[in-house]
file entry_33.txt (compact mmCIF, C-alpha atoms)
# COMPACT_ATOMS: atom_id res chain seq x y z
CA MET V 289 106.00 123.12 107.48
CA LYS V 290 105.69 120.02 105.41
CA LEU V 291 103.31 117.70 107.20
CA ARG V 292 103.96 114.02 106.65
CA LEU V 293 100.83 113.13 104.74
CA PHE V 294 100.30 109.47 104.01
CA ALA V 295 99.75 107.98 100.61
CA GLY V 296 96.22 108.08 99.35
CA VAL V 297 96.71 111.65 98.18
CA SER V 298 97.06 111.34 94.43
CA ALA V 299 100.48 112.20 93.12
CA LEU V 300 100.62 115.45 91.23
CA LEU V 301 101.16 114.88 87.55
CA MET V 302 102.28 117.32 84.93
CA THR V 303 99.07 117.84 83.01
CA ALA V 304 98.43 119.46 79.66
CA GLY V 305 98.99 123.17 79.78
CA LEU V 306 101.27 122.95 82.83
CA SER V 307 104.91 123.65 82.30
CA ALA V 308 108.12 123.39 84.29
CA CYS V 309 109.22 126.92 83.53
CA SER V 310 110.75 129.61 85.60
CA SER V 311 109.54 133.18 85.27
CA SER V 312 107.67 133.69 82.02
CA SER V 313 108.49 136.24 79.35
CA ASP V 314 104.81 136.94 78.62
CA THR V 315 103.31 140.36 79.07
CA SER V 316 103.73 141.80 82.57
CA ASP V 317 101.24 143.82 84.59
CA ASP V 318 102.10 146.96 82.69
CA GLY V 319 98.76 147.74 81.08
CA SER V 320 100.11 147.06 77.60
CA GLY V 321 97.34 144.60 76.74
CA GLY V 322 97.46 140.92 75.88
CA SER V 323 97.69 138.11 78.40
CA THR V 324 99.89 137.77 81.43
CA THR V 325 101.42 134.39 82.22
CA ILE V 326 102.31 133.71 85.83
CA ASP V 327 104.65 130.98 86.96
CA VAL V 328 103.60 129.08 90.06
CA TRP V 329 105.59 126.63 92.19
CA LEU V 330 103.41 124.05 93.95
CA MET V 331 104.63 121.16 96.09
CA ARG V 332 104.39 117.52 95.14
CA ASP V 333 101.48 115.64 96.73
CA SER V 334 99.89 118.77 98.15
CA VAL V 335 96.85 118.41 95.91
CA SER V 336 95.68 115.88 93.36
CA ALA V 337 96.31 116.25 89.66
CA ARG V 338 92.55 116.53 89.08
CA PHE V 339 92.09 119.36 91.58
CA GLN V 340 95.07 121.22 90.19
CA SER V 341 93.81 120.89 86.64
CA ASP V 342 90.27 121.90 87.61
CA PHE V 343 91.50 124.97 89.43
CA VAL V 344 93.78 126.14 86.62
CA LYS V 345 90.99 125.71 84.07
CA GLY V 346 88.49 127.46 86.30
CA PHE V 347 90.86 130.28 87.11
CA GLU V 348 91.77 130.93 83.48
CA ALA V 349 88.10 130.88 82.50
CA ALA V 350 87.32 133.46 85.18
CA HIS V 351 90.42 135.52 84.36
CA PRO V 352 91.08 135.12 80.62
CA GLU V 353 93.76 137.81 80.78
CA ILE V 354 95.92 135.57 83.02
CA LYS V 355 97.52 132.25 82.04
CA VAL V 356 99.00 129.89 84.59
CA LYS V 357 102.08 127.68 84.33
CA VAL V 358 102.75 125.32 87.23
CA GLN V 359 106.04 123.71 88.16
CA ILE V 360 105.92 120.88 90.69
CA GLN V 361 108.61 121.07 93.36
CA GLU V 362 109.99 118.36 95.63
CA TRP V 363 109.98 118.90 99.39
CA ASP V 364 113.55 117.67 99.76
CA GLY V 365 115.88 120.63 99.29
CA ILE V 366 113.07 123.12 98.71
CA GLY V 367 114.39 125.57 101.29
CA GLU V 368 117.64 126.09 99.43
CA LYS V 369 115.87 126.28 96.08
CA VAL V 370 113.40 128.94 97.24
CA THR V 371 116.15 130.94 98.90
CA ALA V 372 118.11 130.96 95.64
CA ALA V 373 115.02 131.92 93.63
CA LEU V 374 114.19 134.82 95.92
CA ALA V 375 117.70 136.19 95.50
CA SER V 376 117.56 135.98 91.71
CA ASN V 377 115.98 138.11 89.01
CA ASP V 378 114.09 135.11 87.67
CA ALA V 379 111.82 134.16 90.56
CA PRO V 380 108.40 132.56 90.05
CA ASP V 381 105.35 134.69 90.73
CA VAL V 382 103.70 132.50 93.37
CA ILE V 383 105.32 129.91 95.64
CA GLU V 384 103.70 127.35 97.91
CA THR V 385 105.78 126.98 101.05
CA GLY V 386 105.43 125.07 104.30
CA ASN V 387 103.69 127.31 106.82
CA THR V 388 106.63 127.38 109.23
CA GLN V 389 109.15 128.17 106.47
CA VAL V 390 107.72 131.62 105.77
CA ALA V 391 109.72 133.42 108.45
CA GLN V 392 112.96 132.03 107.05
CA PHE V 393 112.18 133.39 103.59
CA ALA V 394 110.73 136.68 104.83
CA GLN V 395 113.91 137.40 106.79
CA SER V 396 115.82 137.73 103.52
CA GLY V 397 113.54 140.50 102.28
CA GLY V 398 112.55 138.42 99.27
CA LEU V 399 108.80 138.21 99.96
CA ARG V 400 106.09 140.75 99.29
CA ASP V 401 104.42 142.19 102.39
CA LEU V 402 100.71 141.36 102.04
CA SER V 403 99.56 142.94 105.29
CA ASP V 404 97.31 145.37 103.44
CA LYS V 405 95.48 142.44 101.83
CA VAL V 406 94.53 140.57 105.01
CA ASP V 407 91.03 142.03 105.31
CA ASP V 408 90.38 141.53 101.59
CA LEU V 409 91.29 137.86 101.99
CA GLY V 410 89.12 137.24 105.06
CA GLY V 411 92.07 137.09 107.40
CA LYS V 412 90.00 137.52 110.56
CA SER V 413 88.83 133.92 110.15
CA TRP V 414 92.16 132.30 109.22
CA LEU V 415 93.38 129.32 111.21
CA LYS V 416 95.97 130.71 113.57
CA GLY V 417 98.22 127.70 112.98
CA LEU V 418 98.61 128.86 109.37
CA ALA V 419 98.28 132.62 109.76
CA GLU V 420 100.68 133.16 112.65
CA PRO V 421 103.70 131.41 111.10
CA GLY V 422 102.88 133.23 107.85
CA SER V 423 103.77 136.50 109.53
CA TYR V 424 107.18 137.85 110.43
CA GLU V 425 107.99 140.86 112.60
CA GLY V 426 104.38 141.99 112.54
CA LYS V 427 103.88 141.75 108.77
CA GLN V 428 101.90 139.14 106.84
CA TYR V 429 103.88 137.46 104.07
CA GLY V 430 102.24 134.03 103.83
CA ILE V 431 98.58 133.56 102.93
CA PRO V 432 97.01 130.40 104.44
CA TYR V 433 96.42 127.76 101.76
CA TYR V 434 95.38 124.53 103.51
CA ALA V 435 95.86 122.79 106.82
CA ALA V 436 96.09 119.26 108.12
CA ASN V 437 96.62 118.00 111.63
CA ARG V 438 96.64 114.78 113.58
CA VAL V 439 93.66 112.87 114.89
CA VAL V 440 93.22 109.46 116.49
CA ILE V 441 92.58 106.68 113.97
CA TYR V 442 90.99 103.73 115.75
CA ARG V 443 89.69 100.23 115.10
CA THR V 444 85.92 100.42 115.41
CA ASP V 445 85.60 96.65 115.80
CA LEU V 446 88.10 96.47 118.65
CA PHE V 447 86.43 99.40 120.43
CA LYS V 448 83.03 97.73 120.08
CA LYS V 449 84.38 94.41 121.37
CA ALA V 450 85.81 96.22 124.41
CA GLY V 451 82.53 98.07 125.01
CA ILE V 452 84.07 101.48 124.34
CA ASP V 453 82.17 104.35 122.73
CA ALA V 454 84.78 106.42 120.92
CA THR V 455 82.42 109.39 120.61
CA ALA V 456 82.37 109.63 124.40
CA ILE V 457 86.15 110.06 124.69
CA LYS V 458 86.56 113.78 125.31
CA THR V 459 89.29 113.99 127.93
CA ARG V 460 92.79 112.65 128.38
CA ASP V 461 91.73 110.61 131.40
CA GLN V 462 88.97 108.95 129.37
CA TRP V 463 91.47 108.29 126.59
CA ILE V 464 93.93 106.64 128.97
CA ALA V 465 91.18 104.50 130.53
CA ALA V 466 89.98 103.32 127.11
CA THR V 467 93.52 102.61 125.91
CA GLU V 468 94.32 100.61 129.04
CA LYS V 469 91.23 98.48 128.36
CA LEU V 470 92.28 97.91 124.75
CA ASP V 471 95.89 97.04 125.61
CA THR V 472 95.34 93.38 126.27
CA GLY V 473 96.41 90.03 124.91
CA GLY V 474 98.18 90.47 121.61
CA THR V 475 96.59 93.87 120.85
CA GLN V 476 98.40 97.15 121.48
CA GLY V 477 96.15 99.77 123.03
CA ILE V 478 97.95 102.36 120.94
CA TYR V 479 100.99 102.33 118.69
CA LEU V 480 102.88 105.50 119.63
CA PRO V 481 106.56 105.67 118.63
CA GLY V 482 108.86 107.26 121.16
CA GLN V 483 109.95 110.16 118.95
CA ASN V 484 106.63 111.47 117.62
CA TRP V 485 107.50 114.99 118.71
CA TYR V 486 104.57 116.61 116.91
CA THR V 487 102.20 114.70 119.17
CA LEU V 488 104.27 115.58 122.23
CA SER V 489 104.09 119.25 121.26
CA GLY V 490 100.31 119.14 121.53
CA PHE V 491 100.50 117.77 125.07
CA VAL V 492 103.02 120.47 126.01
CA TRP V 493 100.71 123.19 124.66
CA ASP V 494 97.76 121.65 126.50
CA GLU V 495 99.66 122.11 129.73
CA GLY V 496 100.40 125.75 128.97
CA GLY V 497 104.00 125.08 127.98
CA GLU V 498 106.01 126.00 124.90
CA LEU V 499 108.85 124.46 122.94
CA ALA V 500 110.77 127.72 123.17
CA THR V 501 110.14 131.29 124.30
CA GLU V 502 111.51 134.64 123.16
CA SER V 503 112.72 137.52 125.30
CA GLY V 504 114.72 140.55 124.23
CA GLY V 505 115.31 139.17 120.77
CA LYS V 506 116.79 135.91 122.06
CA TRP V 507 115.14 132.51 122.06
CA LYS V 508 115.35 129.96 124.84
CA GLY V 509 114.33 126.31 124.83
CA SER V 510 111.61 125.69 127.39
CA LEU V 511 111.09 121.95 127.55
CA ASP V 512 112.42 122.09 131.11
CA THR V 513 109.49 124.11 132.46
CA PRO V 514 106.99 122.37 134.77
CA GLU V 515 104.27 122.74 132.15
CA ALA V 516 106.30 121.16 129.35
CA ILE V 517 107.47 118.34 131.62
CA ARG V 518 103.85 117.53 132.48
CA GLY V 519 103.24 117.16 128.74
CA MET V 520 106.13 114.70 128.48
CA GLU V 521 104.90 112.74 131.47
CA PHE V 522 101.49 112.29 129.84
CA TYR V 523 103.17 111.17 126.61
CA LYS V 524 105.09 108.55 128.60
CA ARG V 525 101.87 107.21 130.18
CA LEU V 526 100.18 106.92 126.81
CA GLN V 527 103.19 105.49 125.00
CA ALA V 528 103.49 102.70 127.56
CA LEU V 529 100.09 101.31 126.50
CA GLY V 530 101.57 99.80 123.36
CA ARG V 531 104.84 98.52 122.00
CA GLY V 532 105.99 101.44 119.88
CA PRO V 533 109.79 101.76 119.66
CA LYS V 534 111.23 104.27 122.11
CA ASP V 535 114.04 105.34 119.80
CA ALA V 536 112.22 105.92 116.48
CA ASP V 537 109.56 108.18 114.99
CA GLU V 538 106.30 107.41 113.18
CA ALA V 539 108.08 106.85 109.86
CA ASN V 540 110.48 104.15 111.09
CA PRO V 541 108.75 101.80 110.57
CA PRO V 542 105.76 103.51 108.95
CA GLN V 543 103.06 103.35 111.61
CA ALA V 544 100.32 102.72 109.06
CA ASP V 545 102.15 99.52 108.08
CA VAL V 546 102.20 98.47 111.72
CA MET V 547 98.49 99.12 112.18
CA ALA V 548 97.73 97.19 109.01
CA LYS V 549 98.99 94.02 110.66
CA GLY V 550 95.78 94.00 112.71
CA LYS V 551 97.13 94.14 116.25
CA VAL V 552 96.92 97.90 116.94
CA ALA V 553 93.80 99.60 118.29
CA GLN V 554 94.86 103.23 117.70
CA VAL V 555 97.46 105.49 116.12
CA VAL V 556 97.87 109.27 116.09
CA SER V 557 98.02 110.36 112.47
CA THR V 558 96.60 112.57 109.79
CA PRO V 559 93.37 110.99 108.50
CA GLY V 560 95.06 109.93 105.28
CA GLY V 561 96.88 107.30 107.27
CA ALA V 562 93.68 105.25 107.23
CA ASN V 563 93.94 104.93 103.47
CA VAL V 564 97.39 103.40 103.76
CA VAL V 565 96.25 100.97 106.42
CA ILE V 566 93.43 99.76 104.17
CA GLN V 567 95.70 99.56 101.13
CA ASN V 568 98.01 97.30 103.10
CA ASN V 569 95.18 95.27 104.63
CA PRO V 570 91.87 95.46 102.69
CA ALA V 571 90.20 93.39 105.42
CA LEU V 572 90.22 96.51 107.61
CA LYS V 573 88.03 98.47 105.21
CA GLY V 574 85.02 99.77 107.14
CA LYS V 575 86.73 99.11 110.47
CA LEU V 576 88.56 102.40 110.96
CA GLY V 577 87.17 105.51 112.61
CA PHE V 578 88.43 108.91 113.75
CA PHE V 579 88.15 111.19 116.77
CA PRO V 580 89.95 114.41 117.73
CA ILE V 581 92.89 114.13 120.11
CA PRO V 582 91.27 114.63 123.52
CA GLY V 583 92.07 117.62 125.71
CA LYS V 584 92.58 117.97 129.44
CA THR V 585 88.89 118.80 129.81
CA ALA V 586 85.83 117.95 127.72
CA ALA V 587 85.31 121.63 126.94
CA THR V 588 88.39 121.94 124.73
CA PRO V 589 89.92 119.41 122.30
CA GLY V 590 93.61 118.64 122.56
CA ALA V 591 96.08 121.06 121.05
CA VAL V 592 97.62 119.92 117.77
CA PHE V 593 100.45 120.91 115.51
CA THR V 594 98.98 122.51 112.40
CA GLY V 595 100.85 121.44 109.31
CA GLY V 596 100.10 122.74 105.89
CA SER V 597 101.08 125.40 103.41
CA ASP V 598 100.98 129.13 102.78
CA LEU V 599 101.25 130.96 99.46
CA VAL V 600 103.78 133.78 99.01
CA ILE V 601 104.71 136.28 96.30
CA PRO V 602 108.42 136.98 95.69
CA THR V 603 109.33 140.65 95.54
CA ALA V 604 111.23 139.85 92.34
CA SER V 605 108.00 138.87 90.56
CA THR V 606 107.13 141.24 87.72
CA LYS V 607 103.48 140.12 87.78
CA GLN V 608 102.44 141.10 91.29
CA ASP V 609 98.81 141.93 90.52
CA ALA V 610 98.19 138.71 88.61
CA ALA V 611 99.96 136.71 91.31
CA TYR V 612 97.72 138.24 93.95
CA THR V 613 94.62 137.44 91.88
CA PHE V 614 95.74 133.81 91.71
CA ILE V 615 96.22 133.64 95.48
CA LYS V 616 92.91 135.35 96.19
CA GLU V 617 91.05 132.78 94.08
CA LEU V 618 92.84 129.71 95.44
CA THR V 619 92.44 130.79 99.07
CA GLY V 620 88.91 132.13 98.64
CA ASP V 621 85.86 130.38 100.07
CA ALA V 622 84.65 128.74 96.85
CA TRP V 623 87.88 126.93 96.00
CA GLN V 624 88.72 126.24 99.65
CA LYS V 625 85.49 124.27 100.01
CA LYS V 626 86.30 122.29 96.86
CA LEU V 627 89.86 121.67 98.06
CA ALA V 628 88.69 120.46 101.46
CA LEU V 629 86.29 117.97 99.91
CA ALA V 630 88.76 116.79 97.29
CA MET V 631 91.69 116.30 99.64
CA SER V 632 90.14 115.87 103.12
CA TYR V 633 92.02 118.95 104.23
CA VAL V 634 90.96 121.56 106.75
CA PRO V 635 90.00 124.80 104.95
CA ASN V 636 92.05 127.88 105.77
CA LYS V 637 89.23 129.60 107.69
CA THR V 638 87.37 128.52 110.82
CA THR V 639 84.15 129.70 109.16
CA LEU V 640 84.50 126.95 106.53
CA ALA V 641 84.75 123.98 108.91
CA SER V 642 81.25 122.80 107.93
CA ALA V 643 82.54 122.12 104.41
CA VAL V 644 84.08 118.85 105.62
CA ALA V 645 81.23 117.75 107.89
CA SER V 646 80.45 114.78 105.63
CA ASP V 647 84.04 113.48 105.78
CA PRO V 648 84.62 111.75 109.16
CA GLY V 649 88.40 112.10 109.11
CA ALA V 650 88.42 115.71 107.98
CA ALA V 651 85.62 116.60 110.39
CA ALA V 652 87.65 115.22 113.32
CA MET V 653 90.66 117.13 112.02
CA ALA V 654 88.68 120.37 111.80
CA VAL V 655 87.73 120.11 115.48
CA GLY V 656 91.39 119.88 116.44
CA ALA V 657 92.38 122.64 114.02
CA ALA V 658 90.54 125.13 116.20
CA GLU V 659 93.28 124.44 118.79
CA GLY V 660 96.06 124.41 116.24
CA HIS V 661 99.55 125.66 116.98
CA ALA V 662 102.78 126.08 115.06
CA THR V 663 106.43 125.81 115.98
CA PRO V 664 108.20 129.01 117.14
CA ASN V 665 107.83 131.67 114.49
CA THR V 666 111.45 132.45 113.80
CA PRO V 667 114.00 131.52 111.13
CA GLY V 668 116.12 129.89 113.84
CA TRP V 669 113.68 127.03 114.31
CA ALA V 670 114.98 125.39 111.13
CA ALA V 671 118.28 124.77 112.92
CA VAL V 672 116.45 122.98 115.74
CA GLU V 673 114.68 120.59 113.41
CA ALA V 674 117.89 119.87 111.53
CA LYS V 675 119.27 117.96 114.54
CA ASN V 676 116.09 117.75 116.60
CA PRO V 677 117.15 117.36 120.23
CA ILE V 678 113.47 116.89 121.09
CA LYS V 679 113.63 113.35 119.73
CA ASP V 680 116.70 112.53 121.81
CA TYR V 681 114.96 113.99 124.86
CA MET V 682 111.91 111.80 124.38
CA THR V 683 113.97 108.64 123.99
CA ALA V 684 116.00 109.49 127.09
CA VAL V 685 112.86 109.87 129.21
CA LEU V 686 111.11 106.81 127.81
CA THR V 687 114.14 104.62 128.48
CA GLY V 688 114.29 105.61 132.15
CA GLY V 689 116.34 108.81 132.15
CA ASP V 690 115.69 111.63 134.60
CA VAL V 691 113.04 113.82 132.97
CA GLN V 692 114.30 117.13 134.42
CA LYS V 693 117.90 116.47 133.46
CA ALA V 694 116.96 115.33 129.95
CA ALA V 695 114.63 118.31 129.50
CA THR V 696 117.36 120.73 130.53
CA THR V 697 119.81 119.17 128.10
CA ALA V 698 117.26 119.43 125.27
CA SER V 699 116.32 122.99 126.17
CA ASP V 700 119.97 124.04 126.13
CA ALA V 701 120.41 122.45 122.71
CA ILE V 702 117.34 124.28 121.41
CA THR V 703 118.64 127.57 122.79
CA THR V 704 122.00 127.12 121.10
CA ALA V 705 120.47 126.14 117.76
CA MET V 706 117.94 128.96 117.66
CA ASN V 707 120.50 131.64 118.38
CA SER V 708 123.35 130.25 116.32
CA GLY V 709 122.75 132.71 113.50
CA SER V 710 122.08 135.79 115.58

call {"tool": "encode", "arguments": {"input": "entry_33.txt", "output": "structure tokens"}}
result
Amino acid sequence: MKLRLFAGVSALLMTAGLSACSSSSDTSDDGSGGSTTIDVWLMRDSVSARFQSDFVKGFEAAHPEIKVKVQIQEWDGIGEKVTAALASNDAPDVIETGNTQVAQFAQSGGLRDLSDKVDDLGGKSWLKGLAEPGSYEGKQYGIPYYAANRVVIYRTDLFKKAGIDATAIKTRDQWIAATEKLDTGGTQGIYLPGQNWYTLSGFVWDEGGELATESGGKWKGSLDTPEAIRGMEFYKRLQALGRGPKDADEANPPQADVMAKGKVAQVVSTPGGANVVIQNNPALKGKLGFFPIPGKTAATPGAVFTGGSDLVIPTASTKQDAAYTFIKELTGDAWQKKLALAMSYVPNKTTLASAVASDPGAAAMAVGAAEGHATPNTPGWAAVEAKNPIKDYMTAVLTGGDVQKAATTASDAITTAMNSGS
């Protein structure tokens, strides 16, 4: 799934040697000699222009028999574009896709099954929030590329003034107590919009709940379970310690813009949000810190939604071997470490978490990534997000509605959406 990453990630530029082509007519993997050119679709703003250029140059130097052409794709409308490409005879050879989109594309039969490559790619150490949604009906189609998840961005000066040690906040109760102390005068203890459903999902998972469950091939919304309701009740407690709108998400208005005004002690965001805050208010440079979203107990950090991307190979590609070589390099340890440092991402394997130890935001993110989750792994989830009854549910509860009634209404809507195509 596309994760809303804030500005501060350099926009991808079309650099020399990169071309907006569809499938190339260069030599295929047929043993006839010469070079093979593979066409790769990558998403805008996923990596910087410099990293992309460095990787392509490094890859071609290591594999002189393979040339790479990259076409940058926009997130808006990408689902329809990939679906059309997979059904054509002119598909690219490698596609970057949001991690939770893989099931939708695999259902069509248009993706290569890479299950036999999992061990070769170090799959035992993959982040489950990337690996699990990259599989469909027991087969692995998506190879984990990079991950990002939410952390708490906080004002170090306000915490110090209030006598709060952020490094000591390990549990939800400690988080609430600190936020209550910060929510005073003109300062909001936390700016948490009422419809930040990704953050709510983490609280639901912490309680042992799920957004939806599957039984006998049918999916059922499960926001009305006691566990999921406890997650919503905690969200309501936390949200009340600030003045975030109850009927809007983190993009309306952009929460980094709100924090930049200087009257917010905390937000829940990807670490890149700090860059936007500082861009909007340079006076806050050096005054922002990060800590993982706290869990119910100090032993385990809070559950988080793992956003990020997987890499897939269309079955229509005529350069399967070269495409796999590209994926193996880009998702291998050497380039994953470089990617993590360049972009403040979480590497695709738990064994590589130390690669971002020197980056405070990424290090906090890596802690949470160990408890990463994804949305239900089924093509039907796309229909849920299209209308997103979870947002309506949250607003209903935060504005005084009966939580059980609102949860049942939302769960019914999820059930209908997820099974509409079955």

call {"tool": "closest_residue", "arguments": {"input": "entry_33.txt", "among": "V:Ala591, V:Val634, V:Ala658, V:Ile354", "to": "Thr487 in chain V", "atoms": "only C-alpha atoms"}}
result
V:Ala591

call {"tool": "closest_residue", "arguments": {"input": "entry_33.txt", "among": "V:Ala694, V:Ala657, V:Val644, V:Ala391", "to": "Tyr424 in chain V", "atoms": "all atoms listed in the file"}}
result
V:Ala391

call {"tool": "residues_around", "arguments": {"input": "entry_33.txt", "residues": "range 614-626 of chain V", "least_positions_apart": "5", "cutoff": "7 Å", "atoms": "all atoms listed in the file", "output": "PyMOL selection string"}}
result
chain V and resi 409+433+599+635+643

call {"tool": "closest_residue", "arguments": {"input": "entry_33.txt", "among": "V:Gly497, V:Pro352, V:Gly532, V:Gly397", "to": "Leu374 in chain V", "atoms": "all atoms listed in the file"}}
result
V:Gly397

call {"tool": "residues_around", "arguments": {"input": "entry_33.txt", "residues": "Ser632 in chain V", "least_positions_apart": "2", "cutoff": "6 Å", "atoms": "all atoms listed in the file", "output": "list in words"}}
result
Ala628, Leu629 and Ala650 of chain V

call {"tool": "residues_near_point", "arguments": {"input": "entry_33.txt", "point": "(97.4, 142.3, 96.9)", "cutoff": "7 Å", "atoms": "all atoms listed in the file", "output": "PyMOL selection string"}}
result
chain V and resi 402+405+609+612

call {"tool": "residues_around", "arguments": {"input": "entry_33.txt", "residues": "Leu686 in chain V", "least_positions_apart": "3", "cutoff": "8 Å", "atoms": "only C-alpha atoms", "output": "ChimeraX atom specification"}}
result
/V:482,524,534,682-683,689

call {"tool": "write_last_selection", "arguments": {"input": "entry_33.txt", "atoms": "C-alpha atoms", "output": "compact mmCIF listing (two decimals), in the frame of the given file"}}
result
# COMPACT_ATOMS: atom_id res chain seq x y z
CA GLY V 482 108.86 107.26 121.16
CA LYS V 524 105.09 108.55 128.60
CA LYS V 534 111.23 104.27 122.11
CA MET V 682 111.91 111.80 124.38
CA THR V 683 113.97 108.64 123.99
CA GLY V 689 116.34 108.81 132.15

call {"tool": "atom_distance", "arguments": {"input": "entry_33.txt", "atom1": "CA of Asn636 in chain V", "atom2": "CA of Asp404 in chain V"}}
result
18.4 Å

call {"tool": "residues_around", "arguments": {"input": "entry_33.txt", "residues": "Asp453 in chain V", "least_positions_apart": "3", "cutoff": "12 Å", "atoms": "only C-alpha atoms", "output": "NGL selection string"}}
result
:V and (442-450 or 456-458 or 462-463 or 465-467 or 577-579)

call {"tool": "residues_around", "arguments": {"input": "entry_33.txt", "residues": "Tyr523 in chain V", "least_positions_apart": "3", "cutoff": "10 Å", "atoms": "all atoms listed in the file", "output": "number ranges by chain"}}
result
V: 480, 482, 484-485, 487-492, 517-520, 526-528, 682, 686

call {"tool": "write_last_selection", "arguments": {"input": "entry_33.txt", "atoms": "C-alpha atoms", "output": "tab-separated table (two decimals), in the coordinates of the input"}}
result
chain	number	residue	atom	x	y	z
V	480	LEU	CA	102.88	105.50	119.63
V	482	GLY	CA	108.86	107.26	121.16
V	484	ASN	CA	106.63	111.47	117.62
V	485	TRP	CA	107.50	114.99	118.71
V	487	THR	CA	102.20	114.70	119.17
V	488	LEU	CA	104.27	115.58	122.23
V	489	SER	CA	104.09	119.25	121.26
V	490	GLY	CA	100.31	119.14	121.53
V	491	PHE	CA	100.50	117.77	125.07
V	492	VAL	CA	103.02	120.47	126.01
V	517	ILE	CA	107.47	118.34	131.62
V	518	ARG	CA	103.85	117.53	132.48
V	519	GLY	CA	103.24	117.16	128.74
V	520	MET	CA	106.13	114.70	128.48
V	526	LEU	CA	100.18	106.92	126.81
V	527	GLN	CA	103.19	105.49	125.00
V	528	ALA	CA	103.49	102.70	127.56
V	682	MET	CA	111.91	111.80	124.38
V	686	LEU	CA	111.11	106.81	127.81

call {"tool": "closest_residue", "arguments": {"input": "entry_33.txt", "among": "V:Gly649, V:Pro602, V:Gly477, V:Gly596", "to": "Gly561 in chain V", "atoms": "only C-alpha atoms"}}
result
V:Gly649

call {"tool": "closest_residue", "arguments": {"input": "entry_33.txt", "among": "V:Thr613, V:Glu515, V:Ala553, V:Thr606", "to": "Ile452 in chain V", "atoms": "only C-alpha atoms"}}
result
V:Ala553

call {"tool": "closest_residue", "arguments": {"input": "entry_33.txt", "among": "V:Gln389, V:Ser341, V:Ser699, V:Ser557", "to": "Lys679 in chain V", "atoms": "only C-alpha atoms"}}
result
V:Ser699

call {"tool": "atom_distance", "arguments": {"input": "entry_33.txt", "atom1": "CA of Asp461 in chain V", "atom2": "CA of Asp690 in chain V"}}
result
24.2 Å

call {"tool": "atom_distance", "arguments": {"input": "entry_33.txt", "atom1": "CA of Val356 in chain V", "atom2": "CA of Val328 in chain V"}}
result
7.2 Å
